[in-house]
Amino acid sequence: MADDVAIRVSNLTKKFKVYYDKGRSLKEVILFRNRNKHEVRTVLDNVSFDIKKGEAVGLIGHNGCGKSTLLKLISGILYPDGGSVDITGRVSSLLELGAGFHPDMSGRENIYINASIFGLTKDEIEARLQSIIDFSELAGFIDNPVRTYSSGMYMRLAFSVAINVDADVLLIDEILAVGDANFQAKCFSKLQEIREKGTTIVIVSHSLSQIENICDRSIWINEGRIKADGTPLAVHSEYLDFMNEQRQAAGGDALDIPPEYLAYMQERRYKENLKLSMIPEQQAAVEANGGQYRWGSGEVKITSITASGPDGVGKRQFEVGSDVYFKVHYHVEKPIKDAVFGIGFFRNSGENLYGTNTRIDGKPNFDLNEDGEFTIIMRKIPLMPDQYTVSFSIEYGDGVPVDYWKDALKIDTFRNTPDVGGFFMEHDWQYDANGKEEDNG
């Protein structure tokens with residue numbers, strides 16, 4: 001196996017026997033052995049792919065397509081009927097809620113049990129124990145039997161153990177669907193952090209936006225075979241088209257189309273219209289950049305963009321009203337004078353929500369002579385829960401684009417209150433003791 005490959009799946013096949021009327025007791029098996037009819041179903045059929053070290057990959061597909069079985073084969077819980085799986089490094093997995101936990105033992109005791117399953121020694125577990133408890137936010141319940149835990153508490157503890165074993169490969173199957181919005185955001189921020197440290201991540205999820213926020217690549221499993229393998233946006237768009245065709249063929253109508261499909265179609269129409277509005281040079285730049293909506297004269301190029309909170313840890317989920325720090329690194333191919341930095345926020349539909357630049361804000365223009373970075377801090381971000389795209393630009397003079405990168409980054413916002421609308425507005429209510437509004441005049 002090549003040095004840069006973390007997981008190699010080769011010609012993997014898995015079959016299961018499905019019984020129609022299986023005897024449950026020895027007597028039934030003997031007396032009614034002719035009733036034990038079954039069929040053999042091929043869940044995975046000759047599946048092959050490589051996952052490189054440090055790569056984050058999402059597995060998608062409809063229920064029963066074989067993606068969870070594939071993850072269990074990779075983890076070693078199941079064994080294939082044909083083919084092989086090769087993995088380099090320590091593996092940590094979150095495949096079933098509470099797997100590896102003993103219900104009558106405390107959370108603390110289960111940390112020791114679960115972490116030892118992942119290969120940690122007692123000394124290693126003790127060194128990480130407080131970090132696991134702190135991340136789970138279960139300090140007040142850690143000595144209670146886990147049978148008293150809610151499903152969300154199970155997930156907190158299981159995730160906290162899995163991400164603290166310093167694994168080379170992390171496997172996750174839908175478990176992050178459990179839990180409140182704040183802890184989910186915390187989990188995804190942690191996943192971004194360990195991904196940046198080089199951990200290989202494989203996620204099974206029906207939440208396509210979750211996969212897009214974490215993964216570089218998506219693999220679509222359909223009827224036990226790989227139907228598509230590529231960038232999340234391209235694969236997900238193809239997958240949702242297929243699912244909508246299947247739904248309509250089965251008699252579903254337009255009202256039955258899932259929201260994520262509508263969002264994708266809206267984004268696709270927006271990008272098609274955007275491309276039509278471009279001049280030929282800009283359209284050529286989009287093609288040259290592999291479909292990225294990016295153009296400019298090219299003297300200076302944006303090389304990386306990180307979104308974070310005040311702690312500087314990269315993440316993509318932010319609570320409404322929090323500060324968001326965008327750090328942009330750039331490389332100077334040829335010096336430019338009178339440079340201008342810019343930022344813009346858009347809905348997936350393309351609606352322009354806000355944009356500004358250093359010229360608009362009255363900052364003096366400057367020259368770019370060598371590689372560097374700039375940071376823009378968006379204070380108390382007011383965007384209500386949704387996914388947004390952020391664009392960045394470097395211009396010079398009166399607006400000549402040097403590197404205009406539209407939809408360079410996606411972020412999600414969350415809020416645990418049910419107020420509605422597009423923007424959060426700070427407010428207060430004032431009433432007297434009888435429930436009547438106070439006269440502030």
# chains A, B, ... in the order shown; residues from 1 in each chain; ligands from 1
>>> select_by_dssp(residues="stretch 218-432 of chain A", states="helix (DSSP H, G or I)", output="PyMOL selection string")
chain A and resi 232-249+254-256+259-276+280-288
>>> residues_around(residues="stretch 320-337 of chain A", least_positions_apart="4", cutoff="6 Å", atoms="only C-alpha atoms", output="PyMOL selection string")
chain A and resi 299-309+367-382+413-415
>>> write_last_selection(atoms="N, CA and C atoms", output="PDB file, in the first residue's frame")
ATOM      1  N   GLU A 299      -1.956  38.829 -10.184  1.00  0.00           N
ATOM      2  CA  GLU A 299      -0.662  39.216  -9.600  1.00  0.00           C
ATOM      3  C   GLU A 299      -0.538  38.723  -8.151  1.00  0.00           C
ATOM      4  N   VAL A 300      -1.664  38.722  -7.439  1.00  0.00           N
ATOM      5  CA  VAL A 300      -1.705  38.234  -6.055  1.00  0.00           C
ATOM      6  C   VAL A 300      -2.805  37.183  -5.968  1.00  0.00           C
ATOM      7  N   LYS A 301      -2.519  36.054  -5.288  1.00  0.00           N
ATOM      8  CA  LYS A 301      -3.498  34.970  -5.178  1.00  0.00           C
ATOM      9  C   LYS A 301      -3.770  34.660  -3.712  1.00  0.00           C
ATOM     10  N   ILE A 302      -5.058  34.523  -3.376  1.00  0.00           N
ATOM     11  CA  ILE A 302      -5.435  34.046  -2.044  1.00  0.00           C
ATOM     12  C   ILE A 302      -5.082  32.562  -1.958  1.00  0.00           C
ATOM     13  N   THR A 303      -4.338  32.175  -0.920  1.00  0.00           N
ATOM     14  CA  THR A 303      -3.882  30.783  -0.800  1.00  0.00           C
ATOM     15  C   THR A 303      -4.669  29.976   0.215  1.00  0.00           C
ATOM     16  N   SER A 304      -5.179  30.607   1.259  1.00  0.00           N
ATOM     17  CA  SER A 304      -5.984  29.879   2.249  1.00  0.00           C
ATOM     18  C   SER A 304      -6.846  30.850   3.033  1.00  0.00           C
ATOM     19  N   ILE A 305      -7.984  30.312   3.528  1.00  0.00           N
ATOM     20  CA  ILE A 305      -8.925  31.116   4.318  1.00  0.00           C
ATOM     21  C   ILE A 305      -9.344  30.288   5.523  1.00  0.00           C
ATOM     22  N   THR A 306      -9.301  30.864   6.706  1.00  0.00           N
ATOM     23  CA  THR A 306      -9.723  30.182   7.925  1.00  0.00           C
ATOM     24  C   THR A 306     -10.770  31.016   8.634  1.00  0.00           C
ATOM     25  N   ALA A 307     -11.869  30.357   9.039  1.00  0.00           N
ATOM     26  CA  ALA A 307     -12.882  30.996   9.874  1.00  0.00           C
ATOM     27  C   ALA A 307     -12.737  30.443  11.287  1.00  0.00           C
ATOM     28  N   SER A 308     -12.809  31.306  12.287  1.00  0.00           N
ATOM     29  CA  SER A 308     -12.642  30.855  13.662  1.00  0.00           C
ATOM     30  C   SER A 308     -13.344  31.798  14.615  1.00  0.00           C
ATOM     31  N   GLY A 309     -13.374  31.392  15.895  1.00  0.00           N
ATOM     32  CA  GLY A 309     -13.777  32.286  16.958  1.00  0.00           C
ATOM     33  C   GLY A 309     -12.552  33.011  17.495  1.00  0.00           C
ATOM     34  N   ASP A 367       0.292  49.015  -0.667  1.00  0.00           N
ATOM     35  CA  ASP A 367       0.979  48.221  -1.688  1.00  0.00           C
ATOM     36  C   ASP A 367       1.224  46.809  -1.150  1.00  0.00           C
ATOM     37  N   LEU A 368       1.120  45.815  -2.027  1.00  0.00           N
ATOM     38  CA  LEU A 368       1.421  44.431  -1.670  1.00  0.00           C
ATOM     39  C   LEU A 368       2.694  44.023  -2.405  1.00  0.00           C
ATOM     40  N   ASN A 369       3.776  43.869  -1.625  1.00  0.00           N
ATOM     41  CA  ASN A 369       5.073  43.549  -2.208  1.00  0.00           C
ATOM     42  C   ASN A 369       5.557  42.142  -1.878  1.00  0.00           C
ATOM     43  N   GLU A 370       4.975  41.527  -0.855  1.00  0.00           N
ATOM     44  CA  GLU A 370       5.394  40.189  -0.441  1.00  0.00           C
ATOM     45  C   GLU A 370       4.218  39.441   0.179  1.00  0.00           C
ATOM     46  N   ASP A 371       4.395  38.114   0.359  1.00  0.00           N
ATOM     47  CA  ASP A 371       3.321  37.283   0.916  1.00  0.00           C
ATOM     48  C   ASP A 371       2.895  37.817   2.286  1.00  0.00           C
ATOM     49  N   GLY A 372       1.609  37.637   2.582  1.00  0.00           N
ATOM     50  CA  GLY A 372       1.110  38.112   3.868  1.00  0.00           C
ATOM     51  C   GLY A 372      -0.276  37.589   4.164  1.00  0.00           C
ATOM     52  N   GLU A 373      -0.959  38.241   5.074  1.00  0.00           N
ATOM     53  CA  GLU A 373      -2.311  37.829   5.479  1.00  0.00           C
ATOM     54  C   GLU A 373      -3.085  39.046   5.958  1.00  0.00           C
ATOM     55  N   PHE A 374      -4.398  38.943   5.928  1.00  0.00           N
ATOM     56  CA  PHE A 374      -5.234  39.957   6.568  1.00  0.00           C
ATOM     57  C   PHE A 374      -6.372  39.261   7.303  1.00  0.00           C
ATOM     58  N   THR A 375      -6.858  39.906   8.339  1.00  0.00           N
ATOM     59  CA  THR A 375      -7.949  39.364   9.154  1.00  0.00           C
ATOM     60  C   THR A 375      -9.068  40.378   9.208  1.00  0.00           C
ATOM     61  N   ILE A 376     -10.283  39.914   9.020  1.00  0.00           N
ATOM     62  CA  ILE A 376     -11.447  40.765   9.218  1.00  0.00           C
ATOM     63  C   ILE A 376     -12.312  40.119  10.287  1.00  0.00           C
ATOM     64  N   ILE A 377     -12.683  40.871  11.296  1.00  0.00           N
ATOM     65  CA  ILE A 377     -13.486  40.383  12.418  1.00  0.00           C
ATOM     66  C   ILE A 377     -14.910  40.900  12.253  1.00  0.00           C
ATOM     67  N   MET A 378     -15.842  39.984  12.066  1.00  0.00           N
ATOM     68  CA  MET A 378     -17.253  40.360  11.963  1.00  0.00           C
ATOM     69  C   MET A 378     -17.861  40.265  13.359  1.00  0.00           C
ATOM     70  N   ARG A 379     -18.176  41.416  13.951  1.00  0.00           N
ATOM     71  CA  ARG A 379     -18.657  41.464  15.323  1.00  0.00           C
ATOM     72  C   ARG A 379     -20.134  41.074  15.428  1.00  0.00           C
ATOM     73  N   LYS A 380     -20.436  40.236  16.393  1.00  0.00           N
ATOM     74  CA  LYS A 380     -21.821  39.854  16.718  1.00  0.00           C
ATOM     75  C   LYS A 380     -22.600  39.512  15.446  1.00  0.00           C
ATOM     76  N   ILE A 381     -22.130  38.528  14.717  1.00  0.00           N
ATOM     77  CA  ILE A 381     -22.713  38.184  13.421  1.00  0.00           C
ATOM     78  C   ILE A 381     -24.227  37.955  13.572  1.00  0.00           C
ATOM     79  N   PRO A 382     -25.069  38.681  12.799  1.00  0.00           N
ATOM     80  CA  PRO A 382     -26.514  38.656  13.033  1.00  0.00           C
ATOM     81  C   PRO A 382     -27.285  37.680  12.146  1.00  0.00           C
ATOM     82  N   THR A 413     -24.759  29.021  10.766  1.00  0.00           N
ATOM     83  CA  THR A 413     -25.070  29.673  12.030  1.00  0.00           C
ATOM     84  C   THR A 413     -26.162  28.891  12.736  1.00  0.00           C
ATOM     85  N   PHE A 414     -26.158  28.954  14.062  1.00  0.00           N
ATOM     86  CA  PHE A 414     -27.169  28.252  14.840  1.00  0.00           C
ATOM     87  C   PHE A 414     -27.614  29.129  16.004  1.00  0.00           C
ATOM     88  N   ARG A 415     -28.808  28.822  16.513  1.00  0.00           N
ATOM     89  CA  ARG A 415     -29.365  29.551  17.650  1.00  0.00           C
ATOM     90  C   ARG A 415     -30.421  28.658  18.290  1.00  0.00           C
TER      91      ARG A 415
END
>>> residues_around(residues="A:Ile7", least_positions_apart="6", cutoff="6 Å", atoms="only C-alpha atoms", output="list in words")
Asp50, Ile51, Asp86 and Ile87 of chain A
>>> write_last_selection(atoms="N, CA and C atoms", output="compact mmCIF listing (two decimals), in the first residue's frame")
# COMPACT_ATOMS: atom_id res chain seq x y z
N ASP A 50 -9.50 4.09 -2.55
CA ASP A 50 -8.45 4.46 -1.61
C ASP A 50 -8.82 5.77 -0.93
N ILE A 51 -8.44 5.89 0.34
CA ILE A 51 -8.59 7.15 1.07
C ILE A 51 -7.20 7.55 1.57
N ASP A 86 -7.48 -2.67 4.03
CA ASP A 86 -6.19 -2.42 4.68
C ASP A 86 -6.21 -1.01 5.27
N ILE A 87 -5.82 -0.91 6.56
CA ILE A 87 -5.81 0.38 7.25
C ILE A 87 -4.45 0.59 7.89
>>> select_by_dssp(residues="stretch 141-387 of chain A", states="strand (DSSP E)", output="number ranges by chain")
A: 169-173, 200-204, 217-222, 225-230, 294-295, 300-308, 317-319, 324-332, 336-347, 352-357, 366-368, 372-378, 386-387
>>> residues_around(residues="A:Ile142", least_positions_apart="6", cutoff="12 Å", atoms="only C-alpha atoms", output="JSON, numbers by chain")
{"A": [105, 106, 107, 108, 109, 110, 111, 129, 130, 132, 133, 134, 135, 136, 148, 149, 153, 154, 156, 157]}
>>> closest_residue(among="A:Gly58, A:Phe341, A:Ala6, A:Asp123", to="A:Asp216", atoms="only C-alpha atoms")
A:Gly58
>>> atom_distance(atom1="atom CA of A:Thr200", atom2="atom CA of A:Asp407")
25.6 Å
>>> atom_distance(atom1="atom CA of A:Pro418", atom2="atom CA of A:Met384")
10.3 Å
>>> residues_around(residues="stretch 388-405 of chain A", least_positions_apart="6", cutoff="8 Å", atoms="only C-alpha atoms", output="list of chain:residue names")
A:Gln292, A:Tyr293, A:Arg294, A:Trp295, A:Gly296, A:Ser297, A:Gly298, A:Glu299, A:Val300, A:Lys301, A:Ile302, A:Ile336, A:Lys337, A:Asp338, A:Ala339, A:Val340, A:Phe341, A:Gly342, A:Ile343, A:Gly344, A:Phe345, A:Phe346, A:Arg347, A:Asn348, A:Ile411, A:Asp412
>>> closest_residue(among="A:Asp104, A:Asp173, A:Asp143, A:Glu126", to="A:Ile60", atoms="only C-alpha atoms")
A:Asp173
>>> residues_around(residues="A:Ser189", least_positions_apart="4", cutoff="10 Å", atoms="only C-alpha atoms", output="list in words")
Phe183, Gln184, Ala185, Glu193, Ile194, Arg195, Asn213, Ile214, Ser308, Val313, Gly314, Lys315, Arg316, Gln317 and Phe318 of chain A
>>> residues_around(residues="stretch 218-234 of chain A", least_positions_apart="6", cutoff="12 Å", atoms="only C-alpha atoms", output="ChimeraX atom specification")
/A:9,11-15,41-51,55-71,201-212,240-243,263-265,267-268,290-292,410
>>> closest_residue(among="A:Val146, A:Ile117, A:Leu409, A:Val5", to="A:Asp168", atoms="only C-alpha atoms")
A:Val5
